[in-house]
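Text of model-v2.cif (mmCIF, C-alpha atoms) as supplied:
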data_data
#
loop_
_atom_site.label_atom_id
_atom_site.label_comp_id
_atom_site.auth_asym_id
_atom_site.auth_seq_id
_atom_site.Cartn_x
_atom_site.Cartn_y
_atom_site.Cartn_z
CA MET A 286 111.05 62.51 38.07
CA SER A 287 109.70 63.01 34.58
CA SER A 288 107.08 65.54 33.67
CA MET A 289 103.46 64.82 32.91
CA ASN A 290 103.89 65.46 29.16
CA ASN A 291 106.78 63.04 28.87
CA ILE A 292 104.77 60.33 30.55
CA ILE A 293 101.75 60.97 28.35
CA ASN A 294 103.92 60.71 25.25
CA GLU A 295 105.60 57.56 26.51
CA ILE A 296 102.29 55.90 27.27
CA LYS A 297 100.89 56.97 23.91
CA ALA A 298 103.85 55.45 22.11
CA ALA A 299 103.92 52.21 24.09
CA LEU A 300 100.23 51.38 24.46
CA ALA A 301 98.70 52.98 21.36
CA PRO A 302 95.46 53.68 23.24
CA LEU A 303 92.13 54.24 21.51
CA LYS A 304 91.59 57.41 23.52
CA MET A 305 93.60 59.38 26.03
CA GLU A 306 92.66 62.20 28.34
CA THR A 307 93.78 64.00 31.48
CA PRO A 308 90.73 64.25 33.75
CA ALA A 309 92.60 66.26 36.36
CA ASP A 310 96.06 67.40 37.32
CA LYS A 311 98.42 64.43 37.72
CA GLN A 312 95.89 62.02 36.32
CA ILE A 313 95.95 60.20 33.00
CA ALA A 314 93.17 58.08 31.56
CA ALA A 315 93.73 55.69 28.70
CA VAL A 316 91.16 53.55 26.92
CA VAL A 317 92.56 50.39 25.36
CA ARG A 318 91.20 47.26 23.73
CA PRO A 319 90.42 44.46 26.22
CA GLU A 320 93.07 42.18 24.64
CA ALA A 321 95.69 44.85 25.34
CA ILE A 322 94.96 45.18 29.06
CA HIS A 323 97.46 42.56 30.18
CA ASN A 324 100.36 43.95 28.12
CA SER A 325 99.49 47.52 29.12
CA LEU A 326 99.48 46.63 32.80
CA SER A 327 102.84 44.89 32.58
CA TYR A 328 104.30 47.85 30.66
CA LEU A 329 103.00 50.35 33.22
CA ARG A 330 104.25 48.22 36.09
CA GLN A 331 107.83 48.21 34.78
CA ARG A 332 107.45 51.93 33.88
CA GLY A 333 107.09 52.70 37.61
CA PHE A 334 103.35 52.44 38.24
CA THR A 335 103.87 49.84 40.93
CA GLN A 336 100.70 50.28 42.94
CA LEU A 337 97.39 48.89 41.78
CA CYS A 338 94.85 51.08 43.57
CA ILE A 339 91.67 49.39 42.42
CA VAL A 340 90.07 47.19 39.81
CA THR A 341 86.44 47.96 39.30
CA CYS A 342 83.71 47.79 36.74
CA ILE A 343 80.98 49.94 35.20
CA ASP A 344 77.82 48.50 33.72
CA TRP A 345 76.91 50.31 30.48
CA ILE A 346 73.66 48.48 29.98
CA LYS A 347 72.50 50.52 26.95
CA ASP A 348 75.72 49.73 25.08
CA SER A 349 75.56 46.13 26.40
CA GLU A 350 79.11 46.43 27.67
CA PHE A 351 81.04 46.22 30.92
CA GLU A 352 83.85 48.71 31.32
CA LEU A 353 86.72 47.48 33.48
CA VAL A 354 88.75 50.18 35.20
CA TYR A 355 92.27 49.70 36.54
CA ILE A 356 93.80 52.57 38.48
CA LEU A 357 97.56 52.55 38.96
CA PHE A 358 99.78 54.92 40.91
CA SER A 359 103.44 55.77 40.62
CA TRP A 360 105.15 56.73 43.85
CA THR A 361 108.16 58.26 42.03
CA ASP A 362 106.10 60.55 39.78
CA GLY A 363 102.99 60.97 41.93
CA ILE A 364 100.75 60.31 38.94
CA HIS A 365 97.63 58.17 38.62
CA VAL A 366 96.93 56.23 35.47
CA GLN A 367 93.45 54.96 34.76
CA LEU A 368 93.28 52.12 32.28
CA ARG A 369 89.88 51.29 30.86
CA ALA A 370 88.61 48.63 28.51
CA ARG A 371 85.15 47.53 27.47
CA VAL A 372 84.13 43.88 27.26
CA ASP A 373 80.96 42.36 25.91
CA ARG A 374 78.20 42.26 28.49
CA ASN A 375 76.79 38.93 27.38
CA ASN A 376 80.12 37.15 27.59
CA PRO A 377 82.25 39.14 30.02
CA VAL A 378 85.70 37.56 30.13
CA MET A 379 89.00 39.22 31.02
CA VAL A 380 92.51 37.92 31.55
CA THR A 381 93.60 38.08 35.17
CA ALA A 382 96.14 40.63 36.35
CA THR A 383 97.26 38.55 39.33
CA ASP A 384 100.56 37.53 37.67
CA ILE A 385 101.50 41.24 37.42
CA PHE A 386 99.83 42.57 40.58
CA PRO A 387 99.17 39.75 43.08
CA GLY A 388 96.83 42.04 45.03
CA ALA A 389 94.43 42.08 42.10
CA ARG A 390 93.16 38.73 43.38
CA TYR A 391 90.68 40.31 45.73
CA TYR A 392 89.62 43.13 43.42
CA GLU A 393 88.88 40.60 40.72
CA ARG A 394 86.90 38.47 43.13
CA GLU A 395 84.87 41.52 44.01
CA VAL A 396 84.16 42.34 40.34
CA THR A 397 83.23 38.73 39.68
CA GLU A 398 80.89 38.71 42.61
CA PHE A 399 79.14 42.02 41.96
CA PHE A 400 79.13 42.10 38.14
CA GLY A 401 79.69 38.53 37.00
CA VAL A 402 82.81 39.29 34.95
CA GLU A 403 84.92 36.18 34.60
CA PHE A 404 88.68 36.45 35.08
CA THR A 405 90.58 33.64 33.40
CA GLY A 406 93.63 32.54 35.34
CA ASN A 407 92.42 33.71 38.76
CA GLU A 408 91.48 30.46 40.46
CA ASP A 409 89.88 32.30 43.40
CA ALA A 410 87.61 34.46 41.25
CA GLY A 411 84.55 32.28 41.63
CA LYS A 412 84.68 32.21 45.42
CA PRO A 413 82.36 34.53 47.33
CA LEU A 414 84.05 37.44 49.06
CA PHE A 415 81.37 39.73 50.52
CA LEU A 416 78.08 38.02 49.75
CA GLU A 417 78.07 34.75 51.60
CA ILE A 418 75.15 32.91 50.08
CA TRP A 419 73.95 34.59 46.93
CA ASP A 420 71.22 33.18 44.74
CA ASP A 421 70.36 35.92 42.25
CA LEU A 422 71.87 38.12 39.54
CA PRO A 423 75.14 39.81 40.51
CA PRO A 424 73.77 42.72 42.56
CA LEU A 425 75.53 45.71 41.02
CA ARG A 426 74.33 44.97 37.52
CA LYS A 427 71.89 47.60 36.36
CA ASP A 428 69.19 45.06 35.56
CA PHE A 429 69.16 43.74 39.12
CA ASP A 430 66.30 45.20 41.16
CA PRO A 431 67.40 45.59 44.81
CA GLN A 432 63.94 46.70 45.96
CA ALA A 433 62.29 43.54 44.62
CA TYR A 434 65.01 41.36 46.14
CA SER A 435 64.73 43.12 49.49
CA ASP A 436 60.93 42.80 49.47
CA SER A 437 61.08 39.09 48.71
CA LYS A 438 63.73 38.31 51.34
CA PHE A 439 63.42 40.76 54.21
CA PRO A 440 59.97 41.42 55.64
CA MET A 441 59.20 45.01 56.55
CA ARG A 442 57.13 46.32 59.42
CA GLU A 443 53.42 46.58 58.70
CA ARG A 444 52.03 50.06 59.24
CA GLY A 445 48.62 51.55 59.70
CA ASN A 446 47.87 54.97 58.26
CA GLU A 447 48.02 56.82 61.59
CA PHE A 448 51.28 58.58 60.74
CA VAL A 449 50.24 59.47 57.21
CA SER A 450 47.05 61.26 58.25
CA GLU A 451 48.90 63.27 60.88
CA ILE A 452 51.15 64.97 58.38
CA GLY A 453 48.29 65.66 56.00
CA GLY A 454 49.01 62.92 53.47
CA THR A 455 46.47 60.79 51.66
CA GLU A 456 44.35 58.47 53.76
CA LYS A 457 43.32 55.05 52.58
CA MET B 409 56.22 40.75 69.26
CA VAL B 410 53.89 41.74 72.09
CA LEU B 411 55.18 41.19 75.59
CA LYS B 412 52.42 41.19 78.16
CA ASN B 413 53.11 42.43 81.62
CA ASP B 414 51.85 39.51 83.66
CA ASP B 415 54.07 39.67 86.70
CA ASN B 416 54.20 36.06 87.80
CA ARG B 417 57.80 36.08 88.95
CA ASN B 418 58.61 34.36 92.19
CA ILE B 419 60.52 36.12 94.96
CA TRP B 420 63.92 34.84 93.81
CA GLU B 421 63.36 36.04 90.28
CA LYS B 422 62.35 39.45 91.64
CA ILE B 423 65.53 39.63 93.68
CA GLY B 424 67.58 38.50 90.73
CA ASP B 425 65.98 41.10 88.47
CA TYR B 426 66.58 43.82 91.06
CA PHE B 427 70.29 43.09 91.19
CA SER B 428 70.80 42.52 87.50
CA ALA B 429 69.09 45.84 86.77
CA ASN B 430 71.71 47.61 88.84
CA SER B 431 74.76 46.30 87.05
CA ILE B 432 74.36 46.19 83.32
CA TRP B 433 77.25 45.03 81.23
CA MET B 434 76.93 45.71 77.59
CA LYS B 435 78.33 44.02 74.55
CA TRP B 436 78.27 46.49 71.71
CA TYR B 437 77.85 45.01 68.32
CA CYS B 438 79.31 48.03 66.55
CA THR B 439 78.79 47.38 62.89
CA GLY B 440 76.52 50.19 61.90
CA CYS B 441 77.32 53.89 61.75
CA GLY B 442 75.45 54.46 65.03
CA ALA B 443 78.47 53.10 66.88
CA ILE B 444 80.02 56.54 66.55
CA GLU B 445 77.63 57.78 69.27
CA MET B 446 79.01 55.29 71.79
CA PRO B 447 82.44 56.86 72.47
CA PRO B 448 80.93 60.19 73.65
CA THR B 449 78.38 58.25 75.70
CA MET B 450 80.98 56.27 77.58
CA THR B 451 83.69 58.93 77.91
CA SER B 452 83.86 61.97 80.15
CA ARG B 453 81.32 64.20 78.39
CA PHE B 454 78.30 62.00 79.16
CA ASP B 455 79.91 59.24 81.24
CA MET B 456 77.31 56.52 81.29
CA GLU B 457 79.13 54.44 83.90
CA ARG B 458 77.72 56.79 86.54
CA LEU B 459 74.30 55.34 85.60
CA GLY B 460 75.47 51.77 86.11
CA MET B 461 76.32 50.58 82.64
CA GLY B 462 79.68 49.40 81.49
CA PRO B 463 81.25 47.84 78.44
CA MET B 464 82.11 44.15 78.43
CA ALA B 465 84.51 42.29 76.23
CA THR B 466 82.69 39.12 75.27
CA PRO B 467 79.06 38.12 74.76
CA ARG B 468 79.36 35.30 77.29
CA GLN B 469 79.97 37.79 80.07
CA ALA B 470 77.52 40.46 78.97
CA ASP B 471 73.89 41.12 79.89
CA VAL B 472 72.94 43.44 77.07
CA LEU B 473 73.61 43.08 73.38
CA LEU B 474 73.52 46.54 71.86
CA ILE B 475 73.09 46.47 68.10
CA THR B 476 74.11 49.79 66.70
CA GLY B 477 72.48 50.29 63.37
CA TYR B 478 71.98 48.42 60.14
CA LEU B 479 72.63 44.71 59.86
CA SER B 480 73.69 43.09 56.65
CA THR B 481 72.78 39.45 56.22
CA LYS B 482 76.44 38.62 56.78
CA THR B 483 76.47 40.51 60.07
CA LEU B 484 73.16 39.07 61.20
CA ARG B 485 74.66 35.57 61.08
CA ARG B 486 77.38 36.72 63.48
CA VAL B 487 74.88 38.52 65.70
CA ILE B 488 72.78 35.37 66.01
CA TYR B 489 75.92 33.44 66.97
CA SER B 490 76.81 36.06 69.56
CA TYR B 491 73.31 36.23 70.97
CA GLU B 492 73.03 32.48 71.38
CA GLN B 493 76.27 32.46 73.36
CA MET B 494 74.91 34.85 75.96
CA ASN B 495 73.73 33.61 79.33
CA SER B 496 70.13 34.31 80.17
CA PRO B 497 68.79 36.71 81.26
CA CYS B 498 70.10 38.69 78.34
CA PHE B 499 68.58 41.69 76.66
CA ILE B 500 68.79 43.19 73.21
CA VAL B 501 68.73 46.92 72.68
CA ALA B 502 68.31 47.88 69.05
CA PHE B 503 69.70 51.21 68.15
CA GLY B 504 68.78 53.54 65.31
CA SER B 505 66.06 53.47 62.70
CA CYS B 506 67.78 50.77 60.62
CA THR B 507 66.92 48.08 63.15
CA ILE B 508 63.30 49.22 63.21
CA ASN B 509 62.44 49.28 59.52
CA GLY B 510 65.68 49.24 57.54
CA GLY B 511 66.27 53.00 57.75
CA ILE B 512 67.80 54.52 54.64
CA TYR B 513 68.80 51.02 53.53
CA TYR B 514 65.18 49.87 53.27
CA ASP B 515 65.66 48.76 49.64
CA SER B 516 69.13 47.30 49.97
CA TYR B 517 69.78 43.76 48.79
CA ALA B 518 72.27 43.26 51.61
CA THR B 519 70.63 44.62 54.77
CA ILE B 520 67.64 43.25 56.63
CA GLY B 521 64.41 45.18 57.12
CA ARG B 522 63.44 44.71 60.74
CA LEU B 523 65.38 43.04 63.49
CA ASP B 524 62.60 41.70 65.70
CA LYS B 525 61.76 39.04 63.12
CA TYR B 526 65.11 37.38 63.85
CA LEU B 527 65.96 38.22 67.44
CA PRO B 528 63.84 39.31 70.41
CA VAL B 529 64.32 43.05 70.86
CA ASP B 530 63.54 44.38 74.32
CA LEU B 531 63.98 48.05 73.62
CA TYR B 532 64.34 50.24 70.59
CA ILE B 533 66.21 53.51 70.65
CA ALA B 534 64.89 55.40 67.66
CA GLY B 535 66.78 58.01 65.72
CA CYS B 536 69.21 58.32 62.88
CA MET B 537 71.30 58.42 64.83
CA PRO B 538 70.24 58.75 68.47
CA ARG B 539 72.06 61.36 70.55
CA PRO B 540 73.98 60.23 73.67
CA GLU B 541 71.19 61.63 75.85
CA THR B 542 68.72 59.39 74.06
CA ILE B 543 70.94 56.38 74.58
CA MET B 544 71.21 57.04 78.30
CA ASN B 545 67.48 57.67 78.51
CA GLY B 546 66.90 54.39 76.73
CA PHE B 547 69.11 52.55 79.14
CA ASN B 548 67.32 54.04 82.12
CA GLU B 549 64.16 52.74 80.56
CA LEU B 550 65.76 49.30 80.19
CA ILE B 551 66.77 49.32 83.87
CA GLN B 552 63.18 50.08 84.87
CA MET B 553 61.91 47.35 82.57
CA ILE B 554 64.27 44.77 84.09
CA LYS B 555 63.23 45.78 87.60
CA LYS B 556 59.56 45.37 86.74
CA GLY B 557 60.22 42.09 84.92
CA GLU B 558 59.07 43.46 81.55
CA ALA B 559 62.26 42.73 79.64
CA LYS B 560 61.44 39.15 78.74
CA GLY B 561 62.81 38.89 75.22
CA TRP B 562 65.11 36.01 76.16
CA LYS B 563 62.14 33.97 77.44
CA HIS B 564 60.24 34.81 74.28
CA TYR B 565 63.17 33.57 72.21
CA GLN B 566 63.27 30.27 74.08
CA GLU B 567 59.51 29.76 73.83
CA ASN B 568 59.25 30.74 70.16
CA TYR B 569 62.55 29.32 69.01
CA GLU B 570 61.04 27.62 65.94
CA TRP B 571 59.40 30.84 64.77
CA TYR B 572 62.63 32.79 65.05
CA LYS B 573 64.67 30.04 63.41
CA LYS B 574 62.21 29.85 60.54
CA ASN B 575 62.45 33.60 59.91
CA GLN B 576 66.22 33.46 60.12
CA LEU B 577 66.43 30.64 57.61
CA ASP B 578 63.91 32.26 55.26
CA SER B 579 65.98 35.42 55.01
CA LEU B 580 69.50 34.11 55.40
CA GLY B 581 69.39 30.75 53.67
CA GLU B 582 71.61 29.22 56.32
CA ILE B 583 73.19 30.50 59.49
CA ILE B 584 76.44 28.58 59.29
CA ILE B 585 79.33 31.01 59.14
CA LYS B 586 81.83 30.39 56.39
CA ASP B 587 84.93 32.48 56.93
CA GLU B 588 87.83 31.60 54.67
CA PHE B 589 90.25 33.80 56.61
CA HIS B 590 89.78 31.85 59.84
CA GLU B 591 89.61 28.34 58.52
#

Turn this file's structure into structure tokens for me.
Amino acid sequence: MSSMNNIINEIKAALAPLKMETPADKQIAAVVRPEAIHNSLSYLRQRGFTQLCIVTCIDWIKDSEFELVYILFSWTDGIHVQLRARVDRNNPVMVTATDIFPGARYYEREVTEFFGVEFTGNEDAGKPLFLEIWDDLPPLRKDFDPQAYSDSKFPMRERGNEFVSEIGGTEK
Amino acid sequence: MVLKNDDNRNIWEKIGDYFSANSIWMKWYCTGCGAIEMPPTMTSRFDMERLGMGPMATPRQADVLLITGYLSTKTLRRVIYSYEQMNSPCFIVAFGSCTINGGIYYDSYATIGRLDKYLPVDLYIAGCMPRPETIMNGFNELIQMIKKGEAKGWKHYQENYEWYKKNQLDSLGEIIIKDEFHE
């Protein structure tokens, strides 16, 4: 078992990240360039971070970028590593991680479905996973309006104003 | 949906309703969070079997379809499949505020607003979530409704099948279930 500082130094030397921080005890976060994600993942995998906990995405709409987040865990050191990279929002493409972590198949499908990020090399990535028949923007993008979609698809119950007047609200 | 109480049952239907009211087998469609109120209702604390209701394994053998909470569009397709397998007379009890008007998921892209557009609901149990006492009270109400011949949602579904199908297709696109893990 190596100490936290050793691991931080090793990762710093091997990945040359743009930014590195320790958000909490036993957690390391590293920001890398999107081209470096694949090499970084394969380095961390052979370094002992054998479990891919999640692949997810954050929509930074003001920066016009998607941030992909990979969280890895090492069972020998008990340390989480968070690997982040930002891709262009207008052309979101990332290389698949399925050749390193086969379980990434489903996480990548989920990110494709909810954010529209394309994963090259994952032949399943276009298939729907949770949403069966979807005909709109990917729903977790910030510019998607769930209220408008819900109103157009799912009719709500019509109400009179009898409840509103009882609690002293405004009457029509 | 307005169900009028015009009691034009013949004697055999009255007898049938009397007996079916006294042995209610439920199929719980436990997808929503309200399902967590069912274990205390059926186990020793509240013990609903003393009131004549029991759980049943499959929709084909059940009388009541209990829908506990919110329904996503994906779940609603399965619920429609399950409901159409049930033998009539069959009753739907909708549970929790999500089935009434969407509950806290009123603006969700994935969950439906109100259930009675898609399936004939005989009885609502309101609450987020309803206590076990409320559930048992609701089921007593359902028993009385069956005895009086007021629980006629299944007839309404047969008579207004086109209306229900149209609503289902408008919201769901199609009802065919595509499940890659069971193909």

Original post:
Which residue, B:Ala518, B:Leu527, B:Arg458, B:Val487, has the smallest gap to A:Phe399 when you use only C-alpha atoms?
Top reply: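 Comparing B:Ala518, B:Leu527, B:Arg458, B:Val487 against A:Phe399, the winner is B:Ala518.
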
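If all atoms listed in the file are the atoms counted, then among B:Ala559, B:Val472, B:Ile551, B:Ile520 the closest residue to chain A is B:Ile520.
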
Subject >> Residue neighbourhood A:Glu417, 8 Å, all atoms listed in the file, exclusion window fewer than 4 positions, as a PyMOL selection string >> reply: (chain A and resi 413) or (chain B and resi 482+586)

**OP:** Using the chain letters and residue numbers of this document, give as a ChimeraX atom specification the residues selected by the PyMOL selection byres ((chain B and resi 497) around 12).
**Re:** /B:421,424-425,427-429,432-433,468-473,491-496,498-500,530,554,557-566

Subject >> Option closest in space to A:Asp436, from B:Met461, B:Tyr514, B:Thr481, B:Thr466 [counting only C-alpha atoms] >> reply: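 Counting only C-alpha atoms, the residue closest to A:Asp436 is B:Tyr514.
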
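Compared by their closest atoms to chain A, and using all atoms listed in the file, the residues B:Phe589, B:Tyr489, B:Phe454, B:Tyr532 rank with B:Phe589 nearest.
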
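Checking B:Phe547, B:Ser505, B:Ile488, B:Thr483 one by one against B:Met434, counting only C-alpha atoms, you find the shortest gap at B:Phe547.
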